[in-house]
Structures are given as structure tokens and as C-alpha cells.
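Visitor: Here you go, this is coords12.txt (compact mmCIF, C-alpha atoms and all ligand atoms).
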```txt
# COMPACT_ATOMS: atom_id res chain seq x y z
CA MET L 1 -75.72 30.32 8.84
CA ASP L 2 -72.36 30.74 10.60
CA ARG L 3 -71.39 28.18 13.22
CA ALA L 4 -68.55 28.70 15.71
CA TYR L 5 -66.17 25.98 16.95
CA ASP L 6 -62.85 25.69 18.69
CA PHE L 7 -61.57 23.61 15.76
CA VAL L 8 -62.76 23.01 12.22
CA VAL L 9 -60.98 20.06 10.59
CA ALA L 10 -60.69 19.45 6.83
CA GLY L 11 -60.29 15.71 6.15
CA GLY L 12 -62.14 12.85 7.82
CA SER L 13 -59.49 10.14 7.71
CA ALA L 14 -56.96 8.85 10.28
CA ALA L 15 -55.36 12.18 11.25
CA GLY L 16 -58.48 14.39 11.13
CA LEU L 17 -60.71 11.94 12.99
CA VAL L 18 -58.19 11.18 15.73
CA PHE L 19 -57.59 14.92 16.18
CA ALA L 20 -61.37 15.40 16.49
CA ALA L 21 -61.80 12.54 18.97
CA GLU L 22 -58.92 13.74 21.16
CA ALA L 23 -59.97 17.41 21.12
CA ALA L 24 -63.63 16.59 21.80
CA LYS L 25 -62.56 14.32 24.65
CA ARG L 26 -60.89 17.38 26.22
CA GLY L 27 -64.14 19.36 25.97
CA ALA L 28 -63.39 21.31 22.75
CA THR L 29 -66.07 21.92 20.13
CA VAL L 30 -65.01 20.30 16.83
CA LEU L 31 -66.44 20.06 13.33
CA VAL L 32 -64.90 17.73 10.74
CA PHE L 33 -65.60 18.14 7.03
CA GLU L 34 -64.90 15.11 4.81
CA GLU L 35 -65.33 15.63 1.09
CA HIS L 36 -66.43 12.07 0.32
CA SER L 37 -69.96 11.05 1.17
CA GLU L 38 -68.88 7.94 3.13
CA ILE L 39 -66.09 7.92 5.72
CA GLY L 40 -63.35 5.48 4.68
CA GLU L 41 -64.38 5.43 1.02
CA PRO L 42 -62.91 5.27 -1.53
CA GLU L 43 -60.31 3.19 0.30
CA LYS L 44 -56.73 3.73 -0.96
CA CYS L 45 -54.52 2.54 1.87
CA ASP L 46 -53.35 -1.08 2.31
CA GLY L 47 -53.65 -0.92 6.10
CA LEU L 48 -50.34 -2.61 6.99
CA VAL L 49 -49.56 -1.43 10.50
CA SER L 50 -48.07 -2.48 13.83
CA LEU L 51 -50.64 -3.00 16.56
CA ARG L 52 -48.03 -1.87 19.07
CA GLY L 53 -47.85 1.60 17.52
CA LEU L 54 -51.61 2.11 17.40
CA ARG L 55 -52.02 0.81 20.94
CA LYS L 56 -49.35 3.18 22.21
CA PHE L 57 -51.31 6.18 20.94
CA GLY L 58 -54.67 4.90 22.17
CA TYR L 59 -56.30 3.78 18.91
CA PRO L 60 -56.01 -0.02 18.57
CA PRO L 61 -58.25 -1.36 15.81
CA ASP L 62 -61.44 -3.18 16.79
CA LYS L 63 -61.17 -6.94 16.26
CA GLY L 64 -63.42 -6.94 13.20
CA VAL L 65 -61.21 -4.31 11.54
CA ILE L 66 -58.17 -6.65 11.39
CA GLN L 67 -58.13 -8.63 8.15
CA ASN L 68 -54.92 -10.63 8.54
CA GLY L 69 -51.81 -11.17 10.66
CA ILE L 70 -48.33 -11.03 9.09
CA ALA L 71 -45.75 -13.68 10.04
CA SER L 72 -42.86 -12.63 7.81
CA ALA L 73 -41.64 -10.35 5.06
CA VAL L 74 -39.61 -11.35 2.02
CA VAL L 75 -37.69 -8.85 -0.10
CA HIS L 76 -36.84 -9.90 -3.69
CA SER L 77 -33.81 -8.45 -5.51
CA PRO L 78 -34.11 -7.72 -9.25
CA SER L 79 -32.39 -11.03 -10.18
CA GLY L 80 -34.49 -13.05 -7.71
CA ARG L 81 -32.28 -13.18 -4.62
CA LEU L 82 -34.37 -13.34 -1.44
CA PHE L 83 -34.03 -11.73 1.97
CA GLY L 84 -36.56 -12.85 4.60
CA ILE L 85 -37.38 -11.37 8.00
CA SER L 86 -39.61 -12.94 10.61
CA ALA L 87 -42.37 -10.57 11.76
CA SER L 88 -44.06 -12.88 14.24
CA ALA L 89 -42.79 -10.89 17.27
CA LEU L 90 -43.78 -7.55 15.77
CA GLU L 91 -47.61 -7.74 15.82
CA VAL L 92 -47.94 -6.53 12.23
CA VAL L 93 -51.49 -6.75 10.87
CA VAL L 94 -53.46 -5.76 7.81
CA LEU L 95 -56.43 -3.50 8.50
CA ASP L 96 -59.64 -3.02 6.62
CA ARG L 97 -58.76 0.65 6.31
CA SER L 98 -62.28 1.75 5.46
CA ALA L 99 -63.62 0.03 8.59
CA PHE L 100 -60.81 1.53 10.69
CA ASP L 101 -61.73 5.06 9.55
CA LYS L 102 -65.39 4.33 10.43
CA GLN L 103 -64.22 3.18 13.88
CA LEU L 104 -62.32 6.47 14.30
CA ALA L 105 -65.35 8.49 13.13
CA GLU L 106 -67.49 6.71 15.71
CA SER L 107 -64.91 7.54 18.37
CA ALA L 108 -64.92 11.23 17.33
CA ARG L 109 -68.75 11.38 17.33
CA SER L 110 -69.15 9.57 20.63
CA ASN L 111 -66.80 12.11 22.23
CA GLY L 112 -69.00 14.92 20.92
CA ALA L 113 -67.39 15.97 17.61
CA ASP L 114 -69.58 16.77 14.63
CA VAL L 115 -68.43 14.77 11.58
CA GLN L 116 -69.98 15.94 8.34
CA ALA L 117 -69.24 13.73 5.32
CA GLY L 118 -69.92 14.79 1.75
CA THR L 119 -68.70 18.37 2.29
CA ARG L 120 -65.51 19.72 0.75
CA VAL L 121 -63.64 22.62 2.33
CA ALA L 122 -63.38 25.10 -0.54
CA SER L 123 -61.40 27.91 1.09
CA THR L 124 -60.32 29.40 4.39
CA VAL L 125 -59.73 32.99 5.49
CA GLU L 126 -57.49 33.57 8.48
CA GLY L 127 -58.00 36.55 10.78
CA PRO L 128 -56.23 37.60 13.98
CA ASP L 129 -58.62 35.65 16.27
CA GLY L 130 -59.67 32.74 14.13
CA VAL L 131 -60.35 31.20 10.74
CA GLU L 132 -63.43 31.29 8.50
CA VAL L 133 -63.88 27.96 6.76
CA ASN L 134 -66.04 27.88 3.64
CA ALA L 135 -67.46 24.45 2.92
CA GLY L 136 -70.60 23.22 1.19
CA GLY L 137 -71.94 26.75 0.66
CA THR L 138 -71.76 27.64 4.38
CA THR L 139 -69.18 29.28 6.60
CA ALA L 140 -67.97 27.83 9.87
CA ARG L 141 -65.80 29.86 12.24
CA ALA L 142 -63.00 28.28 14.23
CA LYS L 143 -60.35 29.41 16.65
CA TYR L 144 -58.02 27.07 14.71
CA PHE L 145 -58.24 25.34 11.35
CA VAL L 146 -56.86 21.80 11.18
CA ASP L 147 -55.59 20.69 7.78
CA ALA L 148 -55.86 16.89 7.60
CA THR L 149 -56.43 16.71 3.86
CA GLY L 150 -53.59 14.23 3.24
CA PRO L 151 -51.57 14.25 0.02
CA ALA L 152 -53.70 17.14 -1.30
CA SER L 153 -51.58 19.43 0.88
CA SER L 154 -48.48 17.43 1.85
CA PRO L 155 -45.13 19.19 1.41
CA PRO L 156 -44.15 19.72 -2.24
CA GLY L 157 -41.87 17.29 -4.06
CA GLY L 158 -42.47 13.99 -2.29
CA ILE L 159 -45.39 12.58 -4.26
CA VAL L 160 -44.86 9.34 -6.24
CA PRO L 161 -47.56 7.86 -8.51
CA ALA L 162 -48.90 4.49 -7.37
CA ALA L 163 -51.46 1.93 -8.48
CA LYS L 164 -52.89 -0.99 -6.61
CA TYR L 165 -55.26 -3.89 -7.14
CA GLU L 166 -57.12 -5.96 -4.64
CA LEU L 167 -57.10 -9.41 -6.18
CA GLU L 168 -57.59 -13.11 -5.74
CA GLY L 169 -54.83 -15.54 -6.64
CA ASP L 170 -52.77 -18.57 -5.64
CA TRP L 171 -49.24 -17.28 -6.19
CA PHE L 172 -48.68 -15.58 -2.80
CA LYS L 173 -48.64 -16.87 0.79
CA GLU L 174 -51.42 -15.93 3.20
CA HIS L 175 -49.25 -14.41 5.96
CA VAL L 176 -46.18 -13.22 4.04
CA VAL L 177 -45.70 -9.63 2.85
CA GLU L 178 -43.48 -9.44 -0.23
CA VAL L 179 -41.49 -6.54 -1.66
CA PHE L 180 -40.02 -6.66 -5.18
CA MET L 181 -37.16 -4.28 -5.96
CA ASP L 182 -36.44 -3.33 -9.54
CA THR L 183 -34.98 0.12 -10.08
CA GLU L 184 -35.88 0.09 -13.80
CA ARG L 185 -39.52 -0.93 -13.44
CA TYR L 186 -40.23 0.91 -10.18
CA PRO L 187 -37.66 3.73 -9.91
CA GLY L 188 -37.37 5.05 -6.36
CA PHE L 189 -39.89 2.59 -4.94
CA PHE L 190 -40.96 -1.05 -5.38
CA ALA L 191 -43.81 -3.46 -6.01
CA TRP L 192 -45.57 -4.94 -2.98
CA VAL L 193 -47.88 -7.84 -2.10
CA ILE L 194 -49.91 -7.64 1.11
CA PRO L 195 -52.14 -10.70 1.68
CA TYR L 196 -55.32 -9.84 3.52
CA GLY L 197 -56.89 -13.21 4.15
CA GLY L 198 -57.60 -16.41 2.24
CA ARG L 199 -56.56 -16.06 -1.41
CA LYS L 200 -56.81 -12.26 -1.42
CA ALA L 201 -54.01 -9.69 -1.59
CA LYS L 202 -53.47 -5.97 -2.03
CA VAL L 203 -50.85 -5.72 -4.77
CA GLY L 204 -49.35 -2.43 -5.87
CA VAL L 205 -46.46 -0.61 -7.48
CA ALA L 206 -45.15 2.93 -7.22
CA GLY L 207 -42.28 4.66 -8.98
CA THR L 208 -41.21 8.06 -10.25
CA GLY L 209 -41.91 8.78 -13.90
CA ILE L 210 -43.75 5.51 -14.60
CA ASN L 211 -47.29 4.63 -15.62
CA PRO L 212 -48.06 2.63 -12.44
CA PHE L 213 -50.98 0.66 -13.89
CA ARG L 214 -48.84 -0.48 -16.84
CA ALA L 215 -46.07 -1.46 -14.40
CA LEU L 216 -48.58 -3.31 -12.20
CA ASP L 217 -50.01 -5.21 -15.17
CA GLY L 218 -46.42 -6.12 -16.12
CA PHE L 219 -45.79 -7.38 -12.58
CA LEU L 220 -48.87 -9.59 -12.76
CA GLU L 221 -47.82 -11.29 -16.02
CA GLY L 222 -47.36 -14.94 -15.09
CA ARG L 223 -49.19 -14.42 -11.78
CA PRO L 224 -52.78 -15.40 -12.58
CA SER L 225 -55.15 -13.09 -10.70
CA ARG L 226 -58.79 -12.11 -10.57
CA ILE L 227 -58.89 -8.32 -10.03
CA LEU L 228 -61.51 -7.31 -7.46
CA ARG L 229 -60.78 -3.56 -7.24
CA ARG L 230 -58.47 -1.01 -8.89
CA VAL L 231 -57.12 2.00 -6.99
CA SER L 232 -55.04 4.91 -8.24
CA ALA L 233 -53.60 7.00 -5.40
CA PRO L 234 -50.25 8.76 -5.05
CA ILE L 235 -48.00 7.99 -2.11
CA TYR L 236 -45.96 10.59 -0.21
CA VAL L 237 -42.30 9.94 0.70
CA GLY L 238 -40.80 13.42 1.08
CA GLY L 239 -40.38 13.58 4.87
CA PRO L 240 -41.94 15.85 7.49
CA ALA L 241 -42.95 19.44 6.71
CA PRO L 242 -40.64 22.15 8.05
CA SER L 243 -43.44 23.61 10.19
CA PHE L 244 -46.60 21.90 11.44
CA VAL L 245 -48.26 25.11 12.68
CA ARG L 246 -48.72 28.20 10.55
CA GLY L 247 -50.59 30.95 12.33
CA ARG L 248 -53.99 29.48 13.17
CA ARG L 249 -53.51 26.51 10.82
CA ILE L 250 -52.46 23.20 12.26
CA LEU L 251 -51.20 20.48 9.92
CA VAL L 252 -51.68 16.85 10.96
CA GLY L 253 -50.95 13.49 9.32
CA GLU L 254 -49.91 13.33 5.70
CA SER L 255 -50.48 17.11 5.30
CA ALA L 256 -47.61 17.56 7.75
CA GLY L 257 -45.56 14.87 5.96
CA GLN L 258 -45.90 12.52 8.96
CA VAL L 259 -45.27 9.50 6.72
CA LYS L 260 -42.35 7.06 6.47
CA PRO L 261 -40.18 8.01 3.45
CA THR L 262 -39.10 4.38 2.87
CA THR L 263 -42.47 2.61 2.71
CA ALA L 264 -45.00 5.50 2.60
CA GLY L 265 -46.63 3.99 5.70
CA GLY L 266 -48.36 6.79 7.57
CA ILE L 267 -51.19 5.39 9.68
CA MET L 268 -49.37 5.19 13.01
CA THR L 269 -47.22 8.32 12.57
CA SER L 270 -50.31 10.33 11.53
CA VAL L 271 -52.37 9.05 14.47
CA ALA L 272 -49.46 10.01 16.75
CA GLY L 273 -49.32 13.49 15.18
CA ALA L 274 -53.06 13.97 15.65
CA VAL L 275 -52.95 12.92 19.32
CA MET L 276 -50.08 15.32 20.05
CA ALA L 277 -51.56 18.19 18.02
CA ALA L 278 -54.92 17.89 19.81
CA LYS L 279 -53.28 17.93 23.23
CA TRP L 280 -51.40 21.20 22.57
CA ALA L 281 -54.19 22.81 20.54
CA CYS L 282 -56.64 22.25 23.40
CA ALA L 283 -54.13 23.69 25.87
CA ALA L 284 -53.79 26.75 23.60
CA VAL L 285 -57.58 27.22 23.54
CA GLN L 286 -58.12 26.57 27.24
CA LYS L 287 -55.33 28.95 28.33
CA ASP L 288 -56.02 31.36 25.45
CA ASP L 289 -52.32 31.13 24.57
CA PRO L 290 -51.49 30.26 20.93
CA HIS L 291 -47.81 29.87 21.84
CA LEU L 292 -48.60 26.56 23.55
CA LEU L 293 -49.09 25.08 20.08
CA SER L 294 -45.38 25.41 19.44
CA ASN L 295 -44.95 22.33 21.68
CA TYR L 296 -46.69 20.05 19.16
CA GLN L 297 -43.93 19.75 16.55
CA PRO L 298 -41.04 19.16 19.02
CA GLU L 299 -43.07 16.40 20.71
CA TRP L 300 -43.70 14.61 17.40
CA GLU L 301 -40.10 15.12 16.31
CA ALA L 302 -38.76 13.75 19.61
CA SER L 303 -40.43 10.44 18.74
CA PHE L 304 -39.96 10.30 14.97
CA LEU L 305 -37.50 12.82 13.51
CA LYS L 306 -34.35 10.68 13.91
CA GLU L 307 -36.08 7.75 12.19
CA MET L 308 -37.49 9.98 9.43
CA LYS L 309 -34.01 11.41 8.76
CA ASN L 310 -32.52 7.91 8.61
CA MET L 311 -35.27 6.86 6.21
CA LEU L 312 -34.60 9.90 4.00
CA ARG L 313 -30.89 9.08 3.95
CA LEU L 314 -31.58 5.45 3.00
CA ARG L 315 -33.90 6.74 0.26
CA GLY L 316 -31.09 9.03 -0.95
CA VAL L 317 -28.85 5.96 -1.37
CA PHE L 318 -31.60 3.73 -2.78
CA GLU L 319 -32.62 6.24 -5.48
CA LYS L 320 -29.10 6.11 -6.95
CA LEU L 321 -28.85 2.31 -7.19
CA THR L 322 -28.91 0.31 -10.40
CA ASN L 323 -30.37 -3.20 -10.46
CA ALA L 324 -26.81 -4.56 -10.47
CA ASP L 325 -26.07 -2.52 -7.31
CA VAL L 326 -29.17 -3.90 -5.58
CA ASP L 327 -28.16 -7.47 -6.43
CA ALA L 328 -24.61 -6.82 -5.22
CA LEU L 329 -25.95 -5.41 -1.96
CA PHE L 330 -28.15 -8.48 -1.44
CA ALA L 331 -25.11 -10.71 -2.05
CA ALA L 332 -22.99 -8.70 0.42
CA LEU L 333 -25.53 -8.04 3.15
CA ALA L 334 -28.36 -10.57 3.22
CA THR L 335 -26.76 -12.72 5.89
CA PRO L 336 -28.42 -14.88 8.59
CA ARG L 337 -26.96 -12.45 11.18
CA LEU L 338 -28.76 -9.48 9.62
CA THR L 339 -31.96 -11.54 9.32
CA ARG L 340 -31.73 -12.40 13.03
CA LYS L 341 -31.10 -8.79 14.07
CA LEU L 342 -33.93 -7.36 11.97
CA SER L 343 -36.44 -10.03 12.96
CA GLY L 344 -36.67 -8.57 16.46
CA ALA L 345 -36.54 -4.92 15.32
CA ASP L 346 -39.33 -2.39 15.72
CA PHE L 347 -41.52 -2.31 12.58
CA ASP L 348 -42.00 1.45 12.95
CA PHE L 349 -38.30 2.24 13.30
CA HIS L 350 -36.86 -0.05 10.62
CA ALA L 351 -34.35 2.45 9.15
CA THR L 352 -32.65 3.03 12.50
CA ALA L 353 -32.77 -0.73 13.13
CA LEU L 354 -31.22 -1.48 9.73
CA LEU L 355 -28.42 1.03 10.17
CA GLY L 356 -27.75 -0.31 13.68
CA ALA L 357 -27.76 -3.92 12.47
CA LEU L 358 -25.38 -3.15 9.60
CA GLY L 359 -22.97 -1.27 11.84
CA VAL L 360 -19.77 0.19 10.44
CA PRO L 361 -18.61 -3.12 8.82
CA GLY L 362 -21.93 -3.45 6.95
CA LEU L 363 -21.90 0.18 5.86
CA LEU L 364 -18.33 -0.23 4.59
CA ARG L 365 -19.59 -3.13 2.49
CA VAL L 366 -22.37 -0.87 1.19
CA ALA L 367 -19.77 1.81 0.41
CA LYS L 368 -17.80 -0.72 -1.67
CA VAL L 369 -20.87 -1.32 -3.84
CA VAL L 370 -22.18 2.24 -3.94
CA ALA L 371 -19.59 5.00 -3.79
CA SER L 372 -21.85 7.97 -3.16
CA ALA L 373 -21.93 10.99 -0.90
CA GLU L 374 -25.07 9.57 0.75
CA VAL L 375 -23.26 6.38 1.84
CA ARG L 376 -20.34 8.44 3.17
CA SER L 377 -22.84 10.49 5.23
CA LEU L 378 -24.29 7.25 6.67
CA LEU L 379 -20.79 6.18 7.69
CA VAL L 380 -20.00 9.50 9.31
CA ASP L 381 -23.32 10.03 11.15
CA GLY L 382 -24.87 6.54 11.25
C1 LIG R 1 -51.84 3.13 -2.11
C2 LIG R 1 -51.52 3.47 -0.68
C3 LIG R 1 -51.22 2.47 0.22
C4 LIG R 1 -50.90 2.78 1.54
N1 LIG R 1 -50.64 1.76 2.40
C5 LIG R 1 -50.32 2.04 3.69
C6 LIG R 1 -50.08 0.99 4.61
O1 LIG R 1 -50.15 -0.20 4.27
N2 LIG R 1 -49.76 1.32 5.89
C7 LIG R 1 -49.67 2.62 6.31
O2 LIG R 1 -49.35 2.87 7.49
N3 LIG R 1 -49.92 3.64 5.47
C8 LIG R 1 -50.25 3.38 4.17
N4 LIG R 1 -50.55 4.40 3.30
C9 LIG R 1 -50.46 5.78 3.82
C10 LIG R 1 -51.70 6.12 4.65
O3 LIG R 1 -52.86 5.85 3.91
C11 LIG R 1 -51.68 7.61 5.02
O4 LIG R 1 -50.40 8.00 5.47
C12 LIG R 1 -52.68 7.90 6.13
O5 LIG R 1 -53.98 7.54 5.71
C13 LIG R 1 -52.62 9.39 6.45
O6 LIG R 1 -53.80 9.79 6.98
P1 LIG R 1 -54.34 11.28 6.79
O7 LIG R 1 -55.58 11.37 7.58
O8 LIG R 1 -53.24 12.24 7.09
O9 LIG R 1 -54.60 11.46 5.23
P2 LIG R 1 -55.58 10.69 4.26
O10 LIG R 1 -55.81 9.30 4.74
O11 LIG R 1 -55.01 10.87 2.90
O12 LIG R 1 -56.95 11.48 4.38
C14 LIG R 1 -57.17 12.77 3.90
C15 LIG R 1 -58.68 12.97 3.88
O13 LIG R 1 -58.96 14.34 3.56
C16 LIG R 1 -60.05 14.37 2.67
N5 LIG R 1 -59.98 15.66 1.97
C17 LIG R 1 -59.03 16.09 1.10
N6 LIG R 1 -59.27 17.36 0.74
C18 LIG R 1 -60.38 17.74 1.40
C19 LIG R 1 -61.13 18.96 1.46
N7 LIG R 1 -60.76 20.04 0.77
N8 LIG R 1 -62.24 19.01 2.23
C20 LIG R 1 -62.64 17.93 2.97
N9 LIG R 1 -61.98 16.76 2.94
C21 LIG R 1 -60.86 16.67 2.18
C22 LIG R 1 -59.84 13.15 1.79
O14 LIG R 1 -61.03 12.74 1.14
C23 LIG R 1 -59.37 12.12 2.82
O15 LIG R 1 -60.44 11.43 3.42
C24 LIG R 1 -50.88 4.14 1.97
C25 LIG R 1 -51.21 5.15 1.07
C26 LIG R 1 -51.54 4.83 -0.23
C27 LIG R 1 -51.88 5.93 -1.18
```
Can you present the structure in this file as C-alpha cells?
Ligand SMILES: Cc1cc2nc3c(=O)[nH]c(=O)nc-3n(C[C@H](O)[C@H](O)[C@H](O)COP(=O)(O)OP(=O)(O)OC[C@H]3O[C@@H](n4cnc5c(N)ncnc54)[C@H](O)[C@@H]3O)c2cc1C

Guide:
Amino acid sequence: MDRAYDFVVAGGSAAGLVFAAEAAKRGATVLVFEEHSEIGEPEKCDGLVSLRGLRKFGYPPDKGVIQNGIASAVVHSPSGRLFGISASALEVVVLDRSAFDKQLAESARSNGADVQAGTRVASTVEGPDGVEVNAGGTTARAKYFVDATGPASSPPGGIVPAAKYELEGDWFKEHVVEVFMDTERYPGFFAWVIPYGGRKAKVGVAGTGINPFRALDGFLEGRPSRILRRVSAPIYVGGPAPSFVRGRRILVGESAGQVKPTTAGGIMTSVAGAVMAAKWACAAVQKDDPHLLSNYQPEWEASFLKEMKNMLRLRGVFEKLTNADVDALFAALATPRLTRKLSGADFDFHATALLGALGVPGLLRVAKVVASAEVRSLLVDG
């Protein structure tokens, strides 16, 4: 039987559930379809996030959802040089991402949204006044369809294969996130270690054109570990989509490319996108004026576009580096002054902070190591 809603959402994860909670809070009727039978499962995300960012957009994690607090980050160059940054002022935590999604589902339901797990959206048909959404053998009608399906529909070209293990071991520190750069083993990305309490860590690698599980097993050679869980999930690093609204389709979260191109972190930026999208989508429904939706993208971009562009430019430089370049950059740049400047920087705006901390003298040093058009553009615009 047909059911009619203001919004039907595909995807019951961070973006879809926050959209649902926010729209329902404003009195809209909302149905969320999540293809998996349990919200939050299977868990792919590592849950590294700044509490400040989530608080700002109204979705701080419940206490029981936080697994660990992060005191510092250490970046390793290919030859073993280290660059450390204190994170104690930044309120960076590791979330139980499955539990966080359940918290968001509870928030959506308690505001009146209908969240239906175990139902995949198979197709949609857009008409002049609304969208027919076919899912689980039934059709639901909506004034607007919200695509929150994540990497399944993120902009083309930015997907990088990744693999991760949750494991137990003694070779990492409980409150220190570590990043390992090696442009041959992990081209275009890196290996990471995110401790989540006691002797446990989420350890992963991503890179273009690699077999990520083989690379991850290579990384763990000499680091004795008991593997608790294996996850294969691509990351998205291609930057925001050119348009977040297409007719009666609204893209939120990773579908809209609302993910950091340097680290593939997307929890906070996707939650922000969902909050903003719901505000303008509800205004469009209440005033029966679809044009109001055109305010959503500029609002998100006003907060994040500059940072996303800086991240994409840093990626452009990083993708061209050899291991020798990375080591030379560490030798030239990893100074106590830079450590000091970055230790107080905003976790969610690290590219802008890095460019600001380097300044023209630092960028000139980068240009000496890497003579590329991308570095010249950083010097001109940075
Ligand atoms: C390995 C890995 C580690 C990560 N670590 C971090 C991190 O530490 N910090 C951070 O900030 N970000 C991290 N991210 C990114 C973060 O997980 C995403 O950016 C964030 O979850 C985006 O939320 P979303 O709701 O847009 O998409 P997703 O979380 O991808 O959710 C999409 C949902 O849509 C559902 N779906 C898909 N198709 C359909 C369909 N047709 N019908 C119904 N449902 C459908 C999926 O099952 C899924 O539940 C990581 C990602 C990966 C892959």
C-alpha cells in the first residue's frame, strides 16, 4: 500500500538519521529506509571525531558511546622520522560508531520519524510534485527524496579501497593516534592506528591501486596482534559534489561528498550537512516553495568549502610525492614551532591551520622539495 510523507530518506546512518531527526522535530513526516537489518551494523567507521564539532551541530555523543579520548597524534615518515601534535585541547574522541548511529536512530524516532531497517531502496521515480520510492516491495510517496546512501552514491572518482582490523596488541599507546606515511605501500593515503581503549585499536590502510588487506597484513608484520574483526570498506576523498539538490532529490553526507579529502573523516561534516539540509527542506515544504532548498548548499559551503578546497590542494601535492620527498619535507618542516602552532589548531579545519602555520616561508621550503604546479598554487592563493 502507498504511504505519503514529506521526506523519504534512503540510508539510516549519520546523515540520514540526523536529517530525519531534524525534519521530524520541525513537524515534517519522515520515513527512513536502511538496507541493513540493524542500525549501525556492519560498522565500518573508526569514529574519530571532535566533540566540539558534534556539539556545535546539536548531536554530542552519549557518554556510553565514547570509547576513548585522544591526547596526541604522531605522524611517521617513510624512514621513521616522527612529527607529534598534542590533541589534549581539541576534545578528540573515538566513538563506538554503531552505538552512535543507534543513538541517532533513537533521536529520529523520538521526534516522530519512522525508521525502517532491513529495507533497501531499489529505485525512485521523480514527478513534478514528488518522488515515488520503491523499497522492500512497496512504494512510498514523498515530496522530497533524501539520498543518504553514503559511498554508494558519492561523486564519481574519489573512492579509495581501504581495509581495517579491530585488534588487540601491546605495540601502540592507549591515547595516541598514529599515521604512517609511505607513498609506495599506501599511494595517496596512509596507514592509521586509532586506539579505542585498553589494548584495543582500529588499524587500517587505504591506497589507490593496492590490495588493502595485503598492505594491512604487511603493516602488522612485527606488530603482534590478535585480530578481533575485519572490515573492508572504501573511503571517499574526492571533495564535495557540485550540486547537493537535484530537482526533488536532496543529497546529504557522503552522498554529497561532505567528507574531508585528507583523512576521509565525514561524521561531523555529514551531520552538519544533514542539519542544514533539513532546515531548508522543511522551509520548502512549509512554504510550498522548492526554491528555498537552494539555501542549503551555500550554508554548508560557507562553513566548509574553503577548508575542503585547501584539503584537495594538499592532496594534489601529497599524491605526487615520493617517499624521499616525504622524508625531506619532514626534515624541513617538522619543527617545534609548527608542532606548537598545530597543537592548538581546530581538528576539523586542519588543512587551513597547516597552511596558516607554514606561512609563505614554510611553503617556499615545500616548493624547494616539491617543484609542482600544486605547490605554486598554494603559494599564490594560500
Ligand atoms: C574505514 C572507514 C573509517 C572511517 N573512519 C572515520 C573516522 O574515524 N572519523 C570520521 O569522521 N569519519 C570516518 N569515516 C567516514 C564516515 O564513516 C562517513 O563519512 C560517515 O559515516 C558519513 O555518513 P553517511 O550517513 O553520509 O554515510 P554512511 O555512514 O556511509 O551511511 C550510508 C547508509 O546508507 C545505507 N544504504 C546504502 N544504500 C542504501 C539503499 N539503497 N537503501 C537503503 N539504505 C542504503 C547503508 O547501509 C548505510 O547505512 C570512515 C569511513 C570508513 C569507510

Visitor: Just want the residues within 7 Å of ligand LIG 1 (chain R), written as a VMD selection string, counting only C-alpha atoms and all ligand atoms.

Guide: chain L and resid 10 to 16 33 to 36 40 44 to 49 119 to 122 148 to 152 162 to 164 233 to 235 252 to 255 259 264 to 268 270

Visitor: Please produce a file of those selected residues containing C-alpha atoms, as a CSV table (one decimal), in the coordinates of the input.

Guide:
```csv
chain,number,residue,atom,x,y,z
L,10,ALA,CA,-60.7,19.4,6.8
L,11,GLY,CA,-60.3,15.7,6.2
L,12,GLY,CA,-62.1,12.8,7.8
L,13,SER,CA,-59.5,10.1,7.7
L,14,ALA,CA,-57.0,8.8,10.3
L,15,ALA,CA,-55.4,12.2,11.2
L,16,GLY,CA,-58.5,14.4,11.1
L,33,PHE,CA,-65.6,18.1,7.0
L,34,GLU,CA,-64.9,15.1,4.8
L,35,GLU,CA,-65.3,15.6,1.1
L,36,HIS,CA,-66.4,12.1,0.3
L,40,GLY,CA,-63.4,5.5,4.7
L,44,LYS,CA,-56.7,3.7,-1.0
L,45,CYS,CA,-54.5,2.5,1.9
L,46,ASP,CA,-53.4,-1.1,2.3
L,47,GLY,CA,-53.6,-0.9,6.1
L,48,LEU,CA,-50.3,-2.6,7.0
L,49,VAL,CA,-49.6,-1.4,10.5
L,119,THR,CA,-68.7,18.4,2.3
L,120,ARG,CA,-65.5,19.7,0.8
L,121,VAL,CA,-63.6,22.6,2.3
L,122,ALA,CA,-63.4,25.1,-0.5
L,148,ALA,CA,-55.9,16.9,7.6
L,149,THR,CA,-56.4,16.7,3.9
L,150,GLY,CA,-53.6,14.2,3.2
L,151,PRO,CA,-51.6,14.2,0.0
L,152,ALA,CA,-53.7,17.1,-1.3
L,162,ALA,CA,-48.9,4.5,-7.4
L,163,ALA,CA,-51.5,1.9,-8.5
L,164,LYS,CA,-52.9,-1.0,-6.6
L,233,ALA,CA,-53.6,7.0,-5.4
L,234,PRO,CA,-50.2,8.8,-5.0
L,235,ILE,CA,-48.0,8.0,-2.1
L,252,VAL,CA,-51.7,16.8,11.0
L,253,GLY,CA,-51.0,13.5,9.3
L,254,GLU,CA,-49.9,13.3,5.7
L,255,SER,CA,-50.5,17.1,5.3
L,259,VAL,CA,-45.3,9.5,6.7
L,264,ALA,CA,-45.0,5.5,2.6
L,265,GLY,CA,-46.6,4.0,5.7
L,266,GLY,CA,-48.4,6.8,7.6
L,267,ILE,CA,-51.2,5.4,9.7
L,268,MET,CA,-49.4,5.2,13.0
L,270,SER,CA,-50.3,10.3,11.5
```

Visitor: If you measure from atom CA of L:Arg185 to atom CA of L:Arg214, what distance in Å do you get, rounded to one decimal?

Guide: 9.9 Å

Visitor: Let me have the centre and edge lengths of the axis-aligned box enclosing all listed atoms of stretch 238-256 of chain L with 4 Å padding on every side, in Å to one decimal, as lines of an AutoDock Vina configuration file.

Guide:
```
center_x = -47.2
center_y = 22.1
center_z = 7.1
size_x = 21.6
size_y = 25.6
size_z = 20.1
```

Visitor: Which residues come within 8 Å of L:Thr29, counting all atoms listed in the file, excluding same-chain residues fewer than 6 positions away, as a list in words?

Guide: Tyr5, Asp6, Phe7, Ala23, Gly112 and Ala113 of chain L

Visitor: Figure out the distance between atom CA of L:Arg249 and atom CA of L:Ser107, please, to one decimal in Å.

Guide: 23.4 Å
